[in-house]
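Peer 1: Below you'll find the structure I mean.
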Amino acid sequence: MNQEKLMHYQVDPWNYYMMRVRRRRMEEEDEMERVMRIVSESAVVIFSSSSCCMCHAMKSLFCGMGVNTMVHELDQDSKGKQMEKTLMRLLATNSTTLPVVFIGGKLVGSMDTLLAFHVNGSLVPLLKQAGALWL
Amino acid sequence: MASQRIGEIGSSESEPSSQHVPYGVLHGITTSTSSLMNQGSSFDFGELEEAIVLQGIKIRNDEGKASLFTSKPAATLEMFPSWPIRFQQTPRLGGSKSGGESTDSGSTELQFDTDSPISVKASSSDHQNRAFDQIQQQETATNDVLRTETSQNQSTAKSYQEKKKGASSTSEKTLDPKTLRRLAQNREAAKKSRLRKKAYVQQLETSRLRLANLEQDLQRARSQGLFMGCGGNTSPGKPGAAIFDMEYARWVEEDERQLVEVRNGLQGALTDNELRVIVEGYLCHYDELFQLKGVAVHSDVFHLINGIWTSPAERPFLWIGGFRPSDLITMLMQQLEPLAEQQMVGICELRHSSHQAEDALTQGHEQLQHSIVHTIAGGPVVDGVQQMVAAMAKISSLEGFVRQGDNLRQQSLHQLCRILTVRQAARCFLIIGEYYGRLRALSSLWTSRPRETLITDDNSCQATTELQMLQPSHSHFSSF
């Protein structure tokens with residue numbers, strides 16, 4: 001396979017480049033689909049890292065509110081790195097973003113957005129709407 | 001004789017003119033016109049010429065036109081005491097100077113620039129005729145310089161020469177209008193150059209004052225250790241803490257000013273719109289503080305966390321580098337008693353959610369602290385460099401916690417302003433401001449308290465004086 005790639009590169013650089021771009025895009029789409037699939041499985045999904053303390057804070061917040069969350073520890077996932085990159089692309093940021101929370105399959109964001117929503121008073125209705133909180 | 005003359009004329013300017021041609025007059029020229037020449041290109045031939053003309057009139061009339069004589073012409077009067085003699089010789093020499101174009105002879109001996117009187121002086125001789133020649137050449141030099149300056153000099157020089165020739169014939173003053181105009185122009189030029197000089201000197205003075213002020217500021221800043229980074233930290237590469245302290249002090253001053261504004265706004269009969277402007281200004285003021293802290297977190301997170309930038313009395317209540325929103329809201333609820341039902345509910349919810357967020361952040365923060373301790377304590381497996389790298393990573397996550405704490409504080413304040421009416425929000429800011437003002441006053445009182453080593457009498461005296469000092473500050477809190 002590598003031999004073929006090499007020959008392609010030597011013979012037809014432009015096509016080879018386009019092929020690589022297309023492949024990368026497909027991979028990204030796959031990743032995105034995977035993420036979307038994961039977040040639609042639960043009302044509240046947190047992408048976190050087991051060693052990150054801010055993730056711990058977010059988990060405690062939901063626990064304190066009595067919300068059951070599905071937590072994905074990316075550092076224990078085989079494809080964790082790619083998923084983290086996908087999340088960074090979703091959030092349109094270059095810095096490390098964990099934790100990231102999705103409520104009702106929709107992206108909420110990082111910790112500061114979550115806190116802003118909570119103080120606003122808009123988090124609880126959102127949770128109720130997603131079926132994560134009763135009463 | 002000539003040397004004597006030089007000494008005499010040089011010293012006193014009020015000496016009456018004599019028949020002789022004192023070569024010292026040339027020295028006199030330099031002393032009085034050197035100041036003029038220092039103005040650069042604005043050599044004041046105008047006044048010189050004016051003096052020449054007017055002196056001619058004076059000697060003819062034998063009565064002073066005092067109004068026309070300024071001090072400078074008075075000095076120059078002494079320069080050319082030889083008017084009558086020259087006039088005698090003028091008919092003789094006038095032919096040779098018909099057009100006044102004696103540039104050849106003039107240029108050999110004189111330099112046609114501002115140095116001409118000096119050069120004349122340098123080339124002075126003891127001979128009287130030579131003196132006449134020189135003075136006449138100087139006049140032609142004057143004429144030539146004036147010719148280069150104004151375009152009218154040609155005709156005016158000729159008229160000047162005619163007037164010289166015909167001066168002896170007329171007995172009254174005959175200043176034809178061209179001469180008058182030229183004299184007036186020269187007067188104006190002289191005045192302008194004087195004004196310019198005054199302006200330049202004033203500019204120099206102001207910049208000198210500014211320089212002195214700048215040096216003072218620099219010295220004061222140095223003594224405060226801003227450049228040494230001595231504002232509470234020892235490492236030279238961390239001026240961020242000192243900068244933040246400075247900025248925070250400025251913020252506090254601004255805060256006090258805004259507090260006064262809010263108080264006046266509440267006591268005065270301002271409309272709701274005007275009050276809303278004030279309230280929003282106060283919100284922006286707090287946003288500025290959070291922005292400052294955001295910058296400071298990045299440069300020195302430990303400085304923000306240990307709370308040295310706050311007053312001593314505020315430090316025990318510090319929570320992740322700032323105030324605890326739920327505590328603030330509880331305090332406010334006690335003071336803002338007449339609240340509508342909906343507002344009460346809203347504020348209770350706000351307090352509840354901020355309390356939950358605080359708990360979450362506190363738990364995360366505690367876990368971080370444990371993890372840092374664990375990292376630095378190290379284990380049997382971890383080596384030094386790896387340990388340090390891991391610890392540095394944890395410190396950067398500490399920055400994240402302080403940021404989230406400030407975020408929570410900012411969001412709580414904004415939400416509060418959304419729930420309350422404008423008037424209530426203004427009262428809120430007043431309460432908060434006064435609360436912190438009291439904390440700061442308590443801090444300063446505490447730091448200046450008498451030490452236990454003093455005698456009890458002195459103790460009580462100092463305590464009473466300090467309480468008296470506290471009295472005036474109570475006037476600030478008159479609304480309670």
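Identifiers for the structure tokens are assigned positionally: chains receive A, B, ... in sequence, residues are indexed from 1 per chain, and ligands are indexed from 1 in the order shown.
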Using only C-alpha atoms, which residues of chain B come within 10 Å of chain A, and what is the closest atom pair for each, with the distance in Å to one decimal? Give it as JSON lines, sorted by chain and residue number.
Peer 2:
```
{"residue": "B:Gly346", "atom": "CA", "partner": "A:Gly121", "partner_atom": "CA", "distance": 8.8}
{"residue": "B:Glu349", "atom": "CA", "partner": "A:Gly121", "partner_atom": "CA", "distance": 7.6}
{"residue": "B:Leu350", "atom": "CA", "partner": "A:Val119", "partner_atom": "CA", "distance": 6.1}
{"residue": "B:Arg351", "atom": "CA", "partner": "A:Val119", "partner_atom": "CA", "distance": 8.7}
{"residue": "B:His352", "atom": "CA", "partner": "A:Val119", "partner_atom": "CA", "distance": 9.0}
{"residue": "B:Ser353", "atom": "CA", "partner": "A:Val119", "partner_atom": "CA", "distance": 5.9}
{"residue": "B:Ser354", "atom": "CA", "partner": "A:Val119", "partner_atom": "CA", "distance": 6.1}
{"residue": "B:His355", "atom": "CA", "partner": "A:Val119", "partner_atom": "CA", "distance": 9.7}
{"residue": "B:Gln356", "atom": "CA", "partner": "A:Leu61", "partner_atom": "CA", "distance": 6.6}
{"residue": "B:Ala357", "atom": "CA", "partner": "A:Leu61", "partner_atom": "CA", "distance": 6.3}
{"residue": "B:Glu358", "atom": "CA", "partner": "A:Leu61", "partner_atom": "CA", "distance": 8.9}
{"residue": "B:Asp359", "atom": "CA", "partner": "A:Leu61", "partner_atom": "CA", "distance": 7.5}
{"residue": "B:Ala360", "atom": "CA", "partner": "A:Ala57", "partner_atom": "CA", "distance": 4.8}
{"residue": "B:Leu361", "atom": "CA", "partner": "A:Ala57", "partner_atom": "CA", "distance": 5.3}
{"residue": "B:Thr362", "atom": "CA", "partner": "A:Ala57", "partner_atom": "CA", "distance": 7.6}
{"residue": "B:Gln363", "atom": "CA", "partner": "A:Ala57", "partner_atom": "CA", "distance": 6.1}
{"residue": "B:Gly364", "atom": "CA", "partner": "A:Ala57", "partner_atom": "CA", "distance": 4.3}
{"residue": "B:His365", "atom": "CA", "partner": "A:Cys53", "partner_atom": "CA", "distance": 7.1}
{"residue": "B:Glu366", "atom": "CA", "partner": "A:Cys53", "partner_atom": "CA", "distance": 8.8}
{"residue": "B:Gln367", "atom": "CA", "partner": "A:Cys53", "partner_atom": "CA", "distance": 6.4}
{"residue": "B:Leu368", "atom": "CA", "partner": "A:Cys53", "partner_atom": "CA", "distance": 5.7}
{"residue": "B:Gln369", "atom": "CA", "partner": "A:Cys53", "partner_atom": "CA", "distance": 9.5}
{"residue": "B:Ser371", "atom": "CA", "partner": "A:Cys53", "partner_atom": "CA", "distance": 8.9}
{"residue": "B:Lys394", "atom": "CA", "partner": "A:Cys52", "partner_atom": "CA", "distance": 8.9}
{"residue": "B:Ser397", "atom": "CA", "partner": "A:Cys53", "partner_atom": "CA", "distance": 7.6}
{"residue": "B:Leu398", "atom": "CA", "partner": "A:Cys53", "partner_atom": "CA", "distance": 9.0}
{"residue": "B:Gly400", "atom": "CA", "partner": "A:Met54", "partner_atom": "CA", "distance": 7.8}
{"residue": "B:Phe401", "atom": "CA", "partner": "A:Met54", "partner_atom": "CA", "distance": 7.3}
{"residue": "B:Arg403", "atom": "CA", "partner": "A:Asp112", "partner_atom": "CA", "distance": 8.7}
{"residue": "B:Gln404", "atom": "CA", "partner": "A:Asp112", "partner_atom": "CA", "distance": 6.2}
{"residue": "B:Gly405", "atom": "CA", "partner": "A:Asp112", "partner_atom": "CA", "distance": 9.4}
{"residue": "B:Asp406", "atom": "CA", "partner": "A:Asp112", "partner_atom": "CA", "distance": 9.9}
{"residue": "B:Asn407", "atom": "CA", "partner": "A:Asp112", "partner_atom": "CA", "distance": 6.7}
{"residue": "B:Leu408", "atom": "CA", "partner": "A:Leu115", "partner_atom": "CA", "distance": 6.6}
{"residue": "B:Arg409", "atom": "CA", "partner": "A:Val119", "partner_atom": "CA", "distance": 9.7}
{"residue": "B:Gln410", "atom": "CA", "partner": "A:Ala116", "partner_atom": "CA", "distance": 9.2}
{"residue": "B:Gln411", "atom": "CA", "partner": "A:Ala116", "partner_atom": "CA", "distance": 6.1}
{"residue": "B:Ser412", "atom": "CA", "partner": "A:Val119", "partner_atom": "CA", "distance": 6.3}
{"residue": "B:Leu413", "atom": "CA", "partner": "A:Val119", "partner_atom": "CA", "distance": 9.7}
{"residue": "B:His414", "atom": "CA", "partner": "A:Asn120", "partner_atom": "CA", "distance": 8.9}
{"residue": "B:Gln415", "atom": "CA", "partner": "A:Asn120", "partner_atom": "CA", "distance": 6.3}
{"residue": "B:Leu416", "atom": "CA", "partner": "A:Asn120", "partner_atom": "CA", "distance": 9.5}
{"residue": "B:Arg418", "atom": "CA", "partner": "A:Asn120", "partner_atom": "CA", "distance": 9.5}
```
Peer 1: Please produce a file of the residues just selected, as a PDB file, in the first residue's frame, where the atoms kept are C-alpha atoms.
Peer 2:
```pdb
ATOM      1  CA  GLY B 346     -35.571  35.073  40.978  1.00  0.00           C
ATOM      2  CA  GLU B 349     -32.962  30.867  42.384  1.00  0.00           C
ATOM      3  CA  LEU B 350     -29.866  32.868  41.570  1.00  0.00           C
ATOM      4  CA  ARG B 351     -28.490  32.253  45.002  1.00  0.00           C
ATOM      5  CA  HIS B 352     -29.257  28.570  44.729  1.00  0.00           C
ATOM      6  CA  SER B 353     -27.642  28.077  41.332  1.00  0.00           C
ATOM      7  CA  SER B 354     -24.559  30.076  42.210  1.00  0.00           C
ATOM      8  CA  HIS B 355     -24.273  28.048  45.391  1.00  0.00           C
ATOM      9  CA  GLN B 356     -24.358  24.852  43.377  1.00  0.00           C
ATOM     10  CA  ALA B 357     -21.764  26.163  40.956  1.00  0.00           C
ATOM     11  CA  GLU B 358     -19.566  27.247  43.843  1.00  0.00           C
ATOM     12  CA  ASP B 359     -19.757  23.809  45.379  1.00  0.00           C
ATOM     13  CA  ALA B 360     -18.828  22.178  42.089  1.00  0.00           C
ATOM     14  CA  LEU B 361     -15.888  24.479  41.582  1.00  0.00           C
ATOM     15  CA  THR B 362     -14.794  24.026  45.162  1.00  0.00           C
ATOM     16  CA  GLN B 363     -14.763  20.278  44.762  1.00  0.00           C
ATOM     17  CA  GLY B 364     -12.779  20.473  41.580  1.00  0.00           C
ATOM     18  CA  HIS B 365     -10.400  22.921  43.219  1.00  0.00           C
ATOM     19  CA  GLU B 366      -9.860  20.656  46.194  1.00  0.00           C
ATOM     20  CA  GLN B 367      -9.159  17.731  43.938  1.00  0.00           C
ATOM     21  CA  LEU B 368      -6.649  19.827  42.092  1.00  0.00           C
ATOM     22  CA  GLN B 369      -4.921  20.774  45.319  1.00  0.00           C
ATOM     23  CA  SER B 371      -3.329  16.231  42.995  1.00  0.00           C
ATOM     24  CA  LYS B 394      -1.628  21.364  37.222  1.00  0.00           C
ATOM     25  CA  SER B 397      -5.438  24.107  35.409  1.00  0.00           C
ATOM     26  CA  LEU B 398      -5.456  26.179  38.604  1.00  0.00           C
ATOM     27  CA  GLY B 400      -8.694  27.662  34.782  1.00  0.00           C
ATOM     28  CA  PHE B 401     -10.364  27.499  38.170  1.00  0.00           C
ATOM     29  CA  ARG B 403     -11.059  32.032  35.580  1.00  0.00           C
ATOM     30  CA  GLN B 404     -14.221  30.049  36.206  1.00  0.00           C
ATOM     31  CA  GLY B 405     -14.576  31.662  39.613  1.00  0.00           C
ATOM     32  CA  ASP B 406     -14.406  35.122  38.065  1.00  0.00           C
ATOM     33  CA  ASN B 407     -16.791  34.009  35.346  1.00  0.00           C
ATOM     34  CA  LEU B 408     -19.302  32.908  37.989  1.00  0.00           C
ATOM     35  CA  ARG B 409     -18.928  36.228  39.831  1.00  0.00           C
ATOM     36  CA  GLN B 410     -19.452  38.229  36.674  1.00  0.00           C
ATOM     37  CA  GLN B 411     -22.467  36.206  35.579  1.00  0.00           C
ATOM     38  CA  SER B 412     -24.069  36.526  39.005  1.00  0.00           C
ATOM     39  CA  LEU B 413     -23.728  40.299  38.980  1.00  0.00           C
ATOM     40  CA  HIS B 414     -25.232  40.548  35.510  1.00  0.00           C
ATOM     41  CA  GLN B 415     -28.121  38.276  36.387  1.00  0.00           C
ATOM     42  CA  LEU B 416     -28.773  40.300  39.515  1.00  0.00           C
ATOM     43  CA  ARG B 418     -31.477  41.697  35.154  1.00  0.00           C
TER      44      ARG B 418
END
```
Peer 1: To one decimal place in Å, what is the distance between CA of Met333 (chain B) and CA of Trp251 (chain B)?
Peer 2: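 It comes out at 25.8 Å.
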Peer 1: Any idea what the distance is between CA of Arg220 (chain B) and CA of Ala242 (chain B)?
Peer 2: 14.6 Å
Peer 1: Write out as an mmCIF file with N, CA and C atoms, in the first residue's frame which residues come within 10 Å of Leu107 (chain A) when counting only C-alpha atoms, dropping same-chain ones fewer than 3 positions away.
Peer 2:
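Result file result-v2.cif:
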```cif
data_model
loop_
_atom_site.group_PDB
_atom_site.id
_atom_site.type_symbol
_atom_site.label_atom_id
_atom_site.label_comp_id
_atom_site.auth_asym_id
_atom_site.auth_seq_id
_atom_site.Cartn_x
_atom_site.Cartn_y
_atom_site.Cartn_z
ATOM 1 N N MET A 36 -21.715 12.451 17.183
ATOM 2 C CA MET A 36 -23.150 12.714 17.188
ATOM 3 C C MET A 36 -23.930 11.492 17.653
ATOM 4 N N VAL A 39 -23.600 11.359 21.458
ATOM 5 C CA VAL A 39 -24.345 12.340 22.253
ATOM 6 C C VAL A 39 -25.848 12.136 22.139
ATOM 7 N N VAL A 45 -24.391 14.261 27.996
ATOM 8 C CA VAL A 45 -23.137 13.568 27.730
ATOM 9 C C VAL A 45 -21.979 14.517 28.012
ATOM 10 N N LEU A 87 -13.944 17.677 18.776
ATOM 11 C CA LEU A 87 -14.616 18.598 19.680
ATOM 12 C C LEU A 87 -14.029 20.000 19.573
ATOM 13 N N LEU A 90 -15.487 21.573 16.710
ATOM 14 C CA LEU A 90 -16.868 21.960 16.965
ATOM 15 C C LEU A 90 -16.948 23.267 17.748
ATOM 16 N N LEU A 91 -16.053 23.374 18.706
ATOM 17 C CA LEU A 91 -16.078 24.569 19.537
ATOM 18 C C LEU A 91 -15.326 25.730 18.907
ATOM 19 N N VAL A 100 -16.401 18.967 27.807
ATOM 20 C CA VAL A 100 -17.411 19.455 26.885
ATOM 21 C C VAL A 100 -18.695 18.698 27.160
ATOM 22 N N VAL A 101 -19.807 19.438 27.216
ATOM 23 C CA VAL A 101 -21.072 18.808 27.572
ATOM 24 C C VAL A 101 -22.084 19.004 26.447
ATOM 25 N N PHE A 102 -22.846 17.940 26.194
ATOM 26 C CA PHE A 102 -23.954 17.984 25.236
ATOM 27 C C PHE A 102 -25.226 17.677 25.999
ATOM 28 N N ILE A 103 -26.235 18.480 25.791
ATOM 29 C CA ILE A 103 -27.517 18.225 26.448
ATOM 30 C C ILE A 103 -28.570 18.036 25.380
ATOM 31 N N GLY A 104 -29.248 16.898 25.438
ATOM 32 C CA GLY A 104 -30.297 16.597 24.465
ATOM 33 C C GLY A 104 -29.743 16.484 23.069
ATOM 34 N N SER A 110 -18.264 24.432 26.892
ATOM 35 C CA SER A 110 -17.286 24.151 27.928
ATOM 36 C C SER A 110 -17.825 24.630 29.279
#
```
Peer 1: Env of Met83 (chain A): 12 Å cut, atoms = only C-alpha atoms, seq-sep filter 3 positions within chain, self excluded. Answer as JSON, numbers by chain.
Peer 2: {"A": [27, 28, 29, 30, 31, 32, 33, 34, 35, 36, 38, 47, 48, 49, 72, 73, 74, 75, 76, 77, 78, 79, 80, 86, 87, 88, 89, 90, 96, 97, 98, 100]}
Peer 1: Tell me, which residues of chain A carry DSSP helix (DSSP H, G or I), written as number ranges by chain?
Peer 2: A: 2-11, 13-39, 53-65, 74-76, 80-91, 111-120, 123-130
Peer 1: Which one is closest to Gly109 (chain A): A:Pro125, A:Ala92, A:Gln10, A:Leu133? Count only C-alpha atoms.
Peer 2: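 Closest residue, counting only C-alpha atoms: A:Ala92.
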Peer 1: Find the distance between CA of Glu434 (chain B) and CA of Phe244 (chain B) and write it in Å to one decimal.
Peer 2: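 Those two atoms sit 22.8 Å apart.
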